[in-house]
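Shown here: run13.cif, mmCIF, C-alpha atoms.
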```cif
data_final
#
loop_
_atom_site.label_atom_id
_atom_site.label_comp_id
_atom_site.auth_asym_id
_atom_site.auth_seq_id
_atom_site.Cartn_x
_atom_site.Cartn_y
_atom_site.Cartn_z
CA MET Q 1 0.00 0.00 0.00
CA PRO Q 2 1.50 3.40 -0.96
CA PHE Q 3 1.87 6.11 1.65
CA ASP Q 4 -1.55 7.53 2.54
CA THR Q 5 -1.84 10.84 4.38
CA GLU Q 6 -5.34 10.10 5.64
CA LEU Q 7 -4.25 6.72 6.94
CA ALA Q 8 -1.34 8.41 8.71
CA ARG Q 9 -3.74 10.81 10.41
CA LEU Q 10 -5.95 7.94 11.49
CA THR Q 11 -3.15 5.72 12.78
CA VAL Q 12 -1.42 8.49 14.73
CA ASN Q 13 -4.69 9.09 16.52
CA LEU Q 14 -5.12 5.36 17.15
CA SER Q 15 -1.60 5.32 18.59
CA ARG Q 16 -2.58 8.11 20.98
CA ILE Q 17 -5.84 6.39 21.91
CA ALA Q 18 -3.88 3.28 22.94
CA TYR Q 19 -2.55 5.23 25.95
CA ARG Q 20 -6.06 5.73 27.33
CA SER Q 21 -8.21 3.55 29.57
CA ARG Q 22 -10.21 0.76 27.99
CA GLU Q 23 -13.48 2.66 28.28
CA ARG Q 24 -12.06 5.88 26.89
CA ALA Q 25 -10.25 4.05 24.09
CA GLU Q 26 -13.46 2.38 22.99
CA GLN Q 27 -15.32 5.70 23.03
CA ASP Q 28 -12.60 7.52 21.13
CA SER Q 29 -12.22 4.84 18.47
CA ALA Q 30 -16.00 4.90 17.98
CA ALA Q 31 -15.78 8.67 17.50
CA LEU Q 32 -13.42 7.96 14.60
CA GLY Q 33 -16.03 5.74 13.00
CA LEU Q 34 -14.58 2.41 14.15
CA GLY Q 35 -16.44 -0.49 15.74
CA ASP Q 36 -16.00 -4.10 16.91
CA PHE Q 37 -13.60 -2.92 19.63
CA HIS Q 38 -11.39 -5.45 21.44
CA TRP Q 39 -9.06 -4.57 24.33
CA LEU Q 40 -5.99 -6.81 24.56
CA THR Q 41 -3.90 -6.70 27.71
CA ASP Q 42 -1.53 -8.71 29.87
CA GLU Q 43 1.19 -7.93 32.41
CA SER Q 44 3.13 -5.32 30.44
CA THR Q 45 1.44 -5.05 27.03
CA GLN Q 46 -1.75 -3.22 26.11
CA ALA Q 47 -3.28 -2.98 22.68
CA PHE Q 48 -6.68 -2.76 21.03
CA THR Q 49 -8.28 -3.63 17.75
CA ALA Q 50 -11.16 -1.93 15.96
CA THR Q 51 -12.61 -2.11 12.47
CA ASP Q 52 -14.19 -0.05 9.74
CA ALA Q 53 -15.70 -1.23 6.48
CA ASP Q 54 -12.32 -1.98 4.91
CA HIS Q 55 -9.74 -2.82 7.59
CA VAL Q 56 -9.08 -4.07 11.08
CA TYR Q 57 -6.69 -1.81 13.01
CA ALA Q 58 -4.34 -3.03 15.75
CA SER Q 59 -2.82 -0.30 17.93
CA PHE Q 60 -0.16 -0.92 20.60
CA ARG Q 61 0.42 1.26 23.64
CA GLY Q 62 3.88 2.73 24.18
CA THR Q 63 5.70 2.95 27.48
CA GLU Q 64 4.08 4.98 30.24
CA ALA Q 65 7.44 5.51 31.94
CA LYS Q 66 9.67 8.36 30.81
CA PRO Q 67 11.49 7.26 27.63
CA ILE Q 68 14.89 7.85 29.20
CA ASP Q 69 14.01 5.45 32.04
CA TRP Q 70 13.26 2.43 29.89
CA ILE Q 71 16.18 3.24 27.57
CA LYS Q 72 18.53 3.05 30.56
CA ASN Q 73 16.89 -0.05 32.01
CA SER Q 74 16.68 -2.09 28.80
CA LYS Q 75 19.42 -4.61 28.11
CA PHE Q 76 18.44 -5.00 24.44
CA ASP Q 77 19.33 -8.71 24.54
CA PRO Q 78 18.72 -10.31 21.12
CA MET Q 79 17.02 -13.62 20.43
CA VAL Q 80 15.94 -15.47 17.31
CA GLY Q 81 12.31 -14.57 16.88
CA GLU Q 82 10.04 -13.12 14.20
CA LEU Q 83 10.75 -14.28 10.64
CA GLY Q 84 13.83 -16.17 11.91
CA GLY Q 85 15.96 -13.05 12.51
CA LYS Q 86 17.43 -11.76 15.76
CA VAL Q 87 15.10 -9.38 17.58
CA HIS Q 88 14.97 -7.59 20.93
CA SER Q 89 13.90 -10.22 23.48
CA GLY Q 90 11.82 -7.80 25.56
CA PHE Q 91 9.87 -6.54 22.57
CA HIS Q 92 9.36 -10.14 21.39
CA SER Q 93 8.01 -11.14 24.80
CA GLY Q 94 5.69 -8.12 24.85
CA VAL Q 95 3.99 -9.19 21.62
CA GLY Q 96 3.78 -12.74 22.92
CA GLU Q 97 1.68 -11.61 25.87
CA VAL Q 98 -1.28 -10.69 23.65
CA TRP Q 99 -0.48 -12.76 20.58
CA ASP Q 100 -3.15 -15.47 20.86
CA ASP Q 101 -5.95 -12.96 21.40
CA LEU Q 102 -4.65 -10.66 18.66
CA LEU Q 103 -4.42 -13.47 16.10
CA ALA Q 104 -7.92 -14.70 16.98
CA VAL Q 105 -9.43 -11.25 16.47
CA ILE Q 106 -7.59 -10.62 13.20
CA ALA Q 107 -8.54 -14.03 11.81
CA ALA Q 108 -12.19 -13.61 12.80
CA THR Q 109 -12.60 -10.29 10.98
CA GLY Q 110 -11.32 -11.57 7.64
CA LYS Q 111 -10.22 -8.01 6.84
CA PRO Q 112 -6.80 -6.65 5.89
CA VAL Q 113 -4.92 -5.48 8.98
CA VAL Q 114 -3.26 -2.12 9.64
CA VAL Q 115 -0.83 -2.11 12.57
CA THR Q 116 0.33 0.98 14.45
CA GLY Q 117 1.93 2.26 17.64
CA HIS Q 118 4.11 4.95 19.20
CA SER Q 119 7.46 4.47 20.97
CA LEU Q 120 7.58 0.99 22.51
CA GLY Q 121 4.19 0.49 20.86
CA GLY Q 122 5.81 1.03 17.48
CA ALA Q 123 8.34 -1.71 18.21
CA LEU Q 124 5.55 -4.06 19.28
CA ALA Q 125 3.55 -3.16 16.16
CA THR Q 126 6.51 -4.02 13.94
CA LEU Q 127 7.04 -7.43 15.51
CA ALA Q 128 3.29 -8.10 15.54
CA ALA Q 129 3.18 -7.35 11.81
CA ALA Q 130 6.04 -9.81 11.25
CA ARG Q 131 4.24 -12.52 13.24
CA LEU Q 132 0.97 -11.87 11.43
CA HIS Q 133 2.75 -12.25 8.11
CA GLU Q 134 4.07 -15.64 9.15
CA ALA Q 135 0.59 -16.62 10.35
CA GLY Q 136 -0.92 -15.88 6.94
CA HIS Q 137 -2.26 -12.39 7.67
CA PRO Q 138 0.19 -9.98 5.99
CA ALA Q 139 -0.36 -6.37 7.01
CA ALA Q 140 -1.85 -4.01 4.47
CA ALA Q 141 0.08 -1.21 6.21
CA VAL Q 142 2.31 -0.59 9.24
CA TYR Q 143 2.58 3.00 10.54
CA THR Q 144 4.83 3.65 13.55
CA TYR Q 145 5.76 6.83 15.41
CA GLY Q 146 9.04 7.39 17.26
CA GLN Q 147 9.85 3.69 17.43
CA PRO Q 148 13.16 2.19 18.56
CA ARG Q 149 15.11 -0.31 16.48
CA VAL Q 150 13.78 -3.84 16.97
CA GLY Q 151 16.20 -6.30 15.38
CA HIS Q 152 19.55 -7.07 13.84
CA SER Q 153 20.36 -6.90 10.14
CA ASP Q 154 19.13 -10.45 9.51
CA PHE Q 155 15.68 -9.51 10.82
CA ARG Q 156 15.76 -6.22 8.90
CA ASP Q 157 16.53 -8.00 5.62
CA LEU Q 158 13.78 -10.57 6.13
CA TYR Q 159 11.28 -7.90 7.18
CA GLU Q 160 12.11 -5.62 4.26
CA SER Q 161 11.61 -8.43 1.75
CA ARG Q 162 8.12 -9.07 3.09
CA LEU Q 163 6.74 -5.87 4.64
CA GLY Q 164 9.16 -3.06 3.89
CA HIS Q 165 6.99 -1.75 1.05
CA VAL Q 166 3.99 -1.19 3.36
CA THR Q 167 5.86 0.03 6.46
CA TYR Q 168 6.17 3.76 7.23
CA ARG Q 169 8.31 4.81 10.19
CA PHE Q 170 7.84 8.40 11.39
CA ILE Q 171 10.80 10.22 12.97
CA ASN Q 172 10.63 13.65 14.59
CA HIS Q 173 14.13 15.06 14.00
CA ILE Q 174 16.27 14.29 17.12
CA ASP Q 175 13.78 11.97 18.85
CA ILE Q 176 16.14 9.98 21.10
CA VAL Q 177 14.05 6.81 21.12
CA THR Q 178 14.57 6.37 17.37
CA ARG Q 179 18.33 6.14 18.06
CA VAL Q 180 18.20 3.05 20.30
CA PRO Q 181 19.23 0.27 20.56
CA LEU Q 182 22.51 1.48 19.12
CA LEU Q 183 23.98 0.59 15.75
CA LEU Q 184 27.01 -0.63 17.70
CA GLN Q 185 24.68 -3.17 19.31
CA LYS Q 186 23.93 -4.44 15.79
CA TYR Q 187 20.33 -3.19 15.75
CA ARG Q 188 18.94 -1.77 12.51
CA HIS Q 189 15.77 0.12 11.53
CA ILE Q 190 13.13 -1.14 9.12
CA GLY Q 191 10.61 0.47 6.80
CA GLN Q 192 10.40 3.69 4.83
CA ARG Q 193 11.41 6.87 6.66
CA ILE Q 194 8.94 9.71 7.09
CA TYR Q 195 11.09 12.43 8.65
CA PHE Q 196 10.11 15.75 10.21
CA ASP Q 197 12.91 18.28 10.41
CA ALA Q 198 13.26 20.77 13.29
CA GLY Q 199 10.89 23.17 11.54
CA GLY Q 200 8.19 20.53 11.18
CA THR Q 201 8.61 20.07 7.42
CA VAL Q 202 8.00 16.49 6.35
CA HIS Q 203 10.45 14.61 4.13
CA ILE Q 204 8.97 11.37 2.79
CA GLY Q 205 11.66 8.78 2.17
CA ALA Q 206 14.38 10.96 3.72
CA SER Q 207 17.88 9.58 3.30
CA PRO Q 208 20.13 8.84 6.30
CA TRP Q 209 22.42 11.61 5.02
CA LYS Q 210 19.56 14.13 5.08
CA ILE Q 211 18.67 13.14 8.63
CA ALA Q 212 22.30 13.31 9.78
CA MET Q 213 22.79 16.79 8.31
CA GLU Q 214 19.57 18.12 9.87
CA ASP Q 215 20.64 16.59 13.19
CA ILE Q 216 24.03 18.31 13.13
CA LYS Q 217 22.49 21.63 12.13
CA TYR Q 218 19.95 21.49 14.96
CA ARG Q 219 22.48 20.51 17.62
CA LEU Q 220 24.88 23.25 16.60
CA ALA Q 221 22.07 25.80 16.79
CA HIS Q 222 21.22 24.60 20.32
CA PHE Q 223 24.75 23.99 21.56
CA GLY Q 224 24.89 24.11 25.36
CA ARG Q 225 21.12 23.86 25.80
CA ILE Q 226 20.77 20.38 27.25
CA LYS Q 227 16.97 20.23 27.26
CA GLU Q 228 16.62 21.21 23.61
CA ALA Q 229 19.43 18.92 22.44
CA ALA Q 230 18.51 15.84 24.50
CA GLY Q 231 15.85 14.62 22.08
CA LEU Q 232 13.16 13.86 24.67
CA SER Q 233 10.58 16.51 23.78
CA PRO Q 234 10.46 15.47 20.09
CA HIS Q 235 9.38 11.99 21.21
CA GLU Q 236 6.09 13.06 22.79
CA MET Q 237 2.93 11.46 21.41
CA ASP Q 238 1.05 14.74 21.10
CA THR Q 239 3.94 16.22 19.11
CA TYR Q 240 3.67 13.44 16.55
CA VAL Q 241 -0.09 13.95 16.34
CA ASP Q 242 0.33 17.66 15.65
CA LEU Q 243 3.02 17.04 13.01
CA VAL Q 244 1.07 14.37 11.15
CA GLN Q 245 -2.14 16.40 11.20
CA GLY Q 246 -0.18 19.19 9.53
CA ILE Q 247 0.99 17.14 6.55
#
```
As structure tokens, what does this structure read like?
Amino acid sequence: MPFDTELARLTVNLSRIAYRSRERAEQDSAALGLGDFHWLTDESTQAFTATDADHVYASFRGTEAKPIDWIKNSKFDPMVGELGGKVHSGFHSGVGEVWDDLLAVIAATGKPVVVTGHSLGGALATLAAARLHEAGHPAAAVYTYGQPRVGHSDFRDLYESRLGHVTYRFINHIDIVTRVPLLLQKYRHIGQRIYFDAGGTVHIGASPWKIAMEDIKYRLAHFGRIKEAAGLSPHEMDTYVDLVQGI
């Protein structure tokens, strides 16, 4: 599925709704015209599904801790998981917590699935899409916002060959969460980059070089200002909503 601005606006709102209580999430998804709501939850993973006439949507909640806290506390240990590639063991386990219920709902609808999430939720959405593909339910689209890297190069290559053409990964300039786990830890990103520069201008399919140059320019302009240069504020869910609504 080619990049769709309206679908981006819908999925970024679904990603925000995933942070809400079950009751509020059901109400807010209904306000967007979606029905057949299912709340999926276990110890550390929360997600929901909802449908319209054409698709079933699966939205994963991100971390409710401060991003810097779970970045520091995560070991990023790899394991062989989705598609046969090495993936982050914690992210893999998170999807596993709701996998049976998610697969049952997706299979019952018989509709193409769109998967989304912000932050940790974006990582879970990516691995859920990979699992769904292997289960015979390839995603029609995957839209993630401020997601961390989820796997090594072997996973990236397998994922790209199957789902790279329908995966759109949104990055808000120096968002720190999009920089972890580190390249030195052998983790790699997946999907097509949708990049917002410091001025909020969107660059669809931005090259790594473009992102690196914008990064350097921004950090030089804010040299010595720790808060502005840390990359935490650009990660906020509401910031992504505002940026995507402005495309």
- Could you list the residues chosen by the PyMOL selection byres ((chain Q and resi 89-100) around 8) in this structure as a PyMOL selection string? chain Q and resi 40-46+76-79+81-82+87-88+101-104+120+123-124+127-128+150
Would you translate the PyMOL selection byres ((chain Q and resi 179) around 10) into the concrete set of residues it matches in this file, as a CSV table (one decimal) with C-alpha atoms, in the coordinates of the input?
```
chain,number,residue,atom,x,y,z
Q,146,GLY,CA,9.0,7.4,17.3
Q,147,GLN,CA,9.8,3.7,17.4
Q,148,PRO,CA,13.2,2.2,18.6
Q,149,ARG,CA,15.1,-0.3,16.5
Q,171,ILE,CA,10.8,10.2,13.0
Q,174,ILE,CA,16.3,14.3,17.1
Q,175,ASP,CA,13.8,12.0,18.8
Q,176,ILE,CA,16.1,10.0,21.1
Q,177,VAL,CA,14.0,6.8,21.1
Q,178,THR,CA,14.6,6.4,17.4
Q,180,VAL,CA,18.2,3.0,20.3
Q,181,PRO,CA,19.2,0.3,20.6
Q,182,LEU,CA,22.5,1.5,19.1
Q,183,LEU,CA,24.0,0.6,15.8
Q,187,TYR,CA,20.3,-3.2,15.8
Q,188,ARG,CA,18.9,-1.8,12.5
Q,189,HIS,CA,15.8,0.1,11.5
Q,231,GLY,CA,15.8,14.6,22.1
```
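Straight-line separation from CA of Ala141 in chain Q to CA of Ala58 in chain Q: 10.7 Å.
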- Task: Name all residues at most 10 Å from range 1-11 of chain Q (count only C-alpha atoms; drop same-chain ones fewer than 5 positions away) and give them as a PyMOL selection string.
- Result: chain Q and resi 16-17+29+32+57-59+114-118+139-145+165-168+170+192+194+204+240-247
- Note on the structure: note - CA of Asp36 in chain Q and CA of His137 in chain Q are separated by 18.5 Å
Using the file's own x, y and z axes, what box holds all listed atoms of range 146-159 of chain Q with 4 Å on each side, keeping edges along x, y and z, and what are its centre and edge lengths in Å to one decimal, as lines of an AutoDock Vina configuration file?
```
center_x = 14.7
center_y = -1.6
center_z = 12.1
size_x = 19.3
size_y = 26.0
size_z = 20.9
```
- Query: Could you work out how far CA of Ser15 in chain Q lies from CA of Ala125 in chain Q, giving the answer in Å with one decimal?
  - Reply: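 CA of Ser15 in chain Q lies at a distance of 10.2 Å from CA of Ala125 in chain Q.
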- Query: For Thr63 in chain Q, which residue among Q:Ala30, Q:Ile106, Q:Ala47, Q:Ala25 is the nearest when counting only C-alpha atoms?
  - Reply: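 Smallest separation from Thr63 in chain Q among the options: Q:Ala47.
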- Message: Could you check the closest approach to Gly62 in chain Q for each of Q:Leu34, Q:Leu14, Q:Leu184, Q:Ala108 and tell me which residue wins, using only C-alpha atoms?
- Response: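 Closest to Gly62 in chain Q of all the choices is Q:Leu14.
Of the listed residues (Q:Glu236, Q:Lys86, Q:Ile211, Q:Lys111), Q:Lys86 comes nearest to Gln185 in chain Q; the distances count all atoms listed in the file.
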